[in-house]
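Content type mmCIF, C-alpha atoms, from the file structure-v8.cif:
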data_protein
#
loop_
_atom_site.label_atom_id
_atom_site.label_comp_id
_atom_site.auth_asym_id
_atom_site.auth_seq_id
_atom_site.Cartn_x
_atom_site.Cartn_y
_atom_site.Cartn_z
CA PHE A 1 171.09 77.66 -49.52
CA ARG A 2 172.41 74.59 -47.85
CA ARG A 3 175.93 73.71 -49.02
CA ALA A 4 176.63 69.97 -49.05
CA SER A 5 180.06 70.37 -50.64
CA PRO A 6 182.03 73.13 -52.34
CA THR A 7 180.22 72.38 -55.64
CA LYS A 8 176.81 71.10 -54.47
CA VAL A 9 174.17 73.52 -53.16
CA THR A 10 170.57 72.79 -52.17
CA PRO A 11 168.07 75.67 -52.11
CA ILE A 12 166.11 75.97 -48.84
CA ALA A 13 163.63 78.64 -49.94
CA VAL A 14 162.83 80.76 -52.97
CA TYR A 15 162.36 84.52 -52.75
CA TYR A 16 161.08 87.14 -55.17
CA ILE A 17 161.43 90.89 -55.17
CA LEU A 18 158.47 93.16 -55.80
CA ASP A 19 158.69 96.96 -55.58
CA GLY A 20 161.99 96.75 -53.72
CA ASN A 21 160.68 94.34 -51.06
CA ALA A 22 161.83 90.72 -50.80
CA TYR A 23 159.13 88.09 -50.18
CA GLU A 24 159.39 84.37 -49.65
CA ALA A 25 157.63 82.51 -52.45
CA PRO A 26 154.82 80.16 -51.39
CA SER A 27 155.33 76.43 -51.67
CA VAL A 28 153.64 74.42 -54.39
CA HIS A 29 151.63 72.66 -51.68
CA SER A 30 150.19 75.91 -50.33
CA ILE A 31 149.31 77.16 -53.83
CA VAL A 32 147.56 73.92 -54.82
CA SER A 33 145.74 73.58 -51.50
CA THR A 34 144.48 77.16 -51.72
CA ARG A 35 143.23 76.63 -55.28
CA VAL A 36 141.53 73.34 -54.35
CA LEU A 37 139.90 74.92 -51.29
CA SER A 38 138.64 77.83 -53.40
CA SER A 39 137.21 75.41 -55.97
CA ILE A 40 135.48 73.35 -53.29
CA LYS A 41 133.91 76.47 -51.79
CA GLN A 42 132.48 77.43 -55.20
CA VAL A 43 131.08 73.92 -55.71
CA GLU A 44 129.55 74.08 -52.20
CA LYS A 45 127.85 77.36 -53.10
CA ALA A 46 126.49 75.85 -56.33
CA PHE A 47 125.07 72.83 -54.50
CA ALA A 48 123.54 75.05 -51.81
CA LEU A 49 121.84 77.13 -54.50
CA ALA A 50 120.55 74.01 -56.26
CA ARG A 51 119.38 72.52 -52.95
CA ALA A 52 117.45 75.71 -52.17
CA HIS A 53 115.45 75.39 -55.40
CA ALA A 54 114.80 71.64 -55.30
CA GLU A 55 111.49 70.37 -53.96
CA PHE A 56 110.54 66.80 -53.10
CA HIS A 57 107.10 65.23 -52.98
CA PRO A 58 106.66 61.46 -52.36
CA ALA A 59 104.18 61.13 -55.23
CA THR A 60 106.08 63.11 -57.88
CA GLY A 61 109.70 62.96 -56.72
CA TYR A 62 112.09 65.86 -57.11
CA SER A 63 111.21 69.00 -59.02
CA TRP A 64 112.60 72.52 -59.32
CA ALA A 65 110.95 75.46 -57.63
CA GLU A 66 110.19 78.28 -60.04
CA SER A 67 109.54 81.93 -59.33
CA ASN A 68 106.37 83.47 -60.71
CA GLU A 69 108.39 85.25 -63.41
CA GLN A 70 109.93 81.97 -64.53
CA LYS A 71 106.52 80.24 -64.59
CA ASN A 72 104.98 83.04 -66.65
CA ALA A 73 107.90 83.02 -69.10
CA ARG A 74 107.66 79.23 -69.48
CA LYS A 75 103.89 79.37 -70.03
CA ALA A 76 104.27 82.16 -72.60
CA ALA A 77 106.92 80.17 -74.45
CA LEU A 78 104.67 77.09 -74.48
CA LYS A 79 101.75 79.16 -75.83
CA ASP A 80 103.99 80.50 -78.61
CA ILE A 81 105.02 76.97 -79.54
CA GLN A 82 101.42 75.71 -79.53
CA LEU A 83 100.18 78.59 -81.69
CA SER A 84 102.74 77.99 -84.41
#
Exercise: express the given structure as structure tokens:
Amino acid sequence: FRRASPTKVTPIAVYYILDGNAYEAPSVHSIVSTRVLSSIKQVEKAFALARAHAEFHPATGYSWAESNEQKNARKAALKDIQLS
């Protein structure tokens, strides 16, 4: 604490006790920046995954790459719809 007068005190840092050990609490800035960084990393991973499956051809534009299993499942679903 920083004492400005006999009745006015300003806290310098906040501590918490866990299992008998005292730790300095992180600042709001460090908590928010860590959460934002974590969120950005997850968004980066999602875009990298999407970019890996996107294909581009000048005549048709962008399309999604499908595995053989996905193609077969889509074709089977279309056959089921056409038969009904």
### Selection near His53 in chain A, 9 Å with all atoms listed in the file, sequence-local residues under 3 positions removed, as JSON, numbers by chain
{"A": [48, 49, 50, 63, 64, 65, 66]}
Take the selection from the previous step and output its residues with C-alpha atoms, as a short mmCIF file (atom, residue, chain, number, x, y, z; two decimals), in the frame of the given file.
data_model
loop_
_atom_site.label_atom_id
_atom_site.label_comp_id
_atom_site.auth_asym_id
_atom_site.auth_seq_id
_atom_site.Cartn_x
_atom_site.Cartn_y
_atom_site.Cartn_z
CA ALA A 48 123.54 75.05 -51.81
CA LEU A 49 121.84 77.13 -54.50
CA ALA A 50 120.55 74.01 -56.26
CA SER A 63 111.21 69.00 -59.02
CA TRP A 64 112.60 72.52 -59.32
CA ALA A 65 110.95 75.46 -57.63
CA GLU A 66 110.19 78.28 -60.04
#
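Distances to Ser27 in chain A were evaluated for A:Ile40, A:Phe47, A:Ile12, A:Pro58 using only C-alpha atoms, and the minimum falls at A:Ile12.
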### Message
I'd like the interatomic distance between CA of Ala77 in chain A and CA of Ala59 in chain A, to a tenth of an Å.
### Response
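Rounded to one decimal, the two atoms are 27.2 Å apart.
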### Summary
In Å and to one decimal, CA of Val9 in chain A is distant from CA of Val28 in chain A by 20.6 Å
### Message
What would the selection look like, as a PyMOL selection string, if the PyMOL selection byres ((chain A and resi 14) around 9) were run on the coordinates I just shared?
### Response
chain A and resi 11-13+15-16+23-27
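Picture a line from CA of Phe1 in chain A to CA of Ile17 in chain A; it runs 17.3 Å.
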Some atoms are absent from range 40-51 of chain A, so rebuild N, CA and C atoms and return them as a PDB file, keeping the file's coordinate frame.
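Here's the written file selection-v8.pdb:
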ATOM      1  N   ILE A  40     136.465  74.065 -54.096  1.00  0.00           N
ATOM      2  CA  ILE A  40     135.480  73.350 -53.290  1.00  0.00           C
ATOM      3  C   ILE A  40     134.440  74.303 -52.729  1.00  0.00           C
ATOM      4  N   LYS A  41     134.857  75.480 -52.310  1.00  0.00           N
ATOM      5  CA  LYS A  41     133.910  76.470 -51.790  1.00  0.00           C
ATOM      6  C   LYS A  41     132.912  76.883 -52.876  1.00  0.00           C
ATOM      7  N   GLN A  42     133.386  77.064 -54.113  1.00  0.00           N
ATOM      8  CA  GLN A  42     132.480  77.430 -55.200  1.00  0.00           C
ATOM      9  C   GLN A  42     131.501  76.309 -55.514  1.00  0.00           C
ATOM     10  N   VAL A  43     131.965  75.068 -55.476  1.00  0.00           N
ATOM     11  CA  VAL A  43     131.080  73.920 -55.710  1.00  0.00           C
ATOM     12  C   VAL A  43     130.048  73.827 -54.585  1.00  0.00           C
ATOM     13  N   GLU A  44     130.480  74.069 -53.346  1.00  0.00           N
ATOM     14  CA  GLU A  44     129.550  74.080 -52.200  1.00  0.00           C
ATOM     15  C   GLU A  44     128.458  75.120 -52.405  1.00  0.00           C
ATOM     16  N   LYS A  45     128.836  76.312 -52.863  1.00  0.00           N
ATOM     17  CA  LYS A  45     127.850  77.360 -53.100  1.00  0.00           C
ATOM     18  C   LYS A  45     126.860  76.942 -54.188  1.00  0.00           C
ATOM     19  N   ALA A  46     127.356  76.292 -55.246  1.00  0.00           N
ATOM     20  CA  ALA A  46     126.490  75.850 -56.330  1.00  0.00           C
ATOM     21  C   ALA A  46     125.495  74.801 -55.837  1.00  0.00           C
ATOM     22  N   PHE A  47     125.962  73.842 -55.031  1.00  0.00           N
ATOM     23  CA  PHE A  47     125.070  72.830 -54.500  1.00  0.00           C
ATOM     24  C   PHE A  47     124.055  73.424 -53.526  1.00  0.00           C
ATOM     25  N   ALA A  48     124.464  74.401 -52.734  1.00  0.00           N
ATOM     26  CA  ALA A  48     123.540  75.050 -51.810  1.00  0.00           C
ATOM     27  C   ALA A  48     122.443  75.783 -52.582  1.00  0.00           C
ATOM     28  N   LEU A  49     122.811  76.436 -53.668  1.00  0.00           N
ATOM     29  CA  LEU A  49     121.840  77.130 -54.500  1.00  0.00           C
ATOM     30  C   LEU A  49     120.875  76.126 -55.139  1.00  0.00           C
ATOM     31  N   ALA A  50     121.404  75.031 -55.652  1.00  0.00           N
ATOM     32  CA  ALA A  50     120.550  74.010 -56.260  1.00  0.00           C
ATOM     33  C   ALA A  50     119.641  73.373 -55.211  1.00  0.00           C
ATOM     34  N   ARG A  51     120.165  73.127 -54.031  1.00  0.00           N
ATOM     35  CA  ARG A  51     119.380  72.520 -52.950  1.00  0.00           C
ATOM     36  C   ARG A  51     118.246  73.444 -52.514  1.00  0.00           C
TER      37      ARG A  51
END
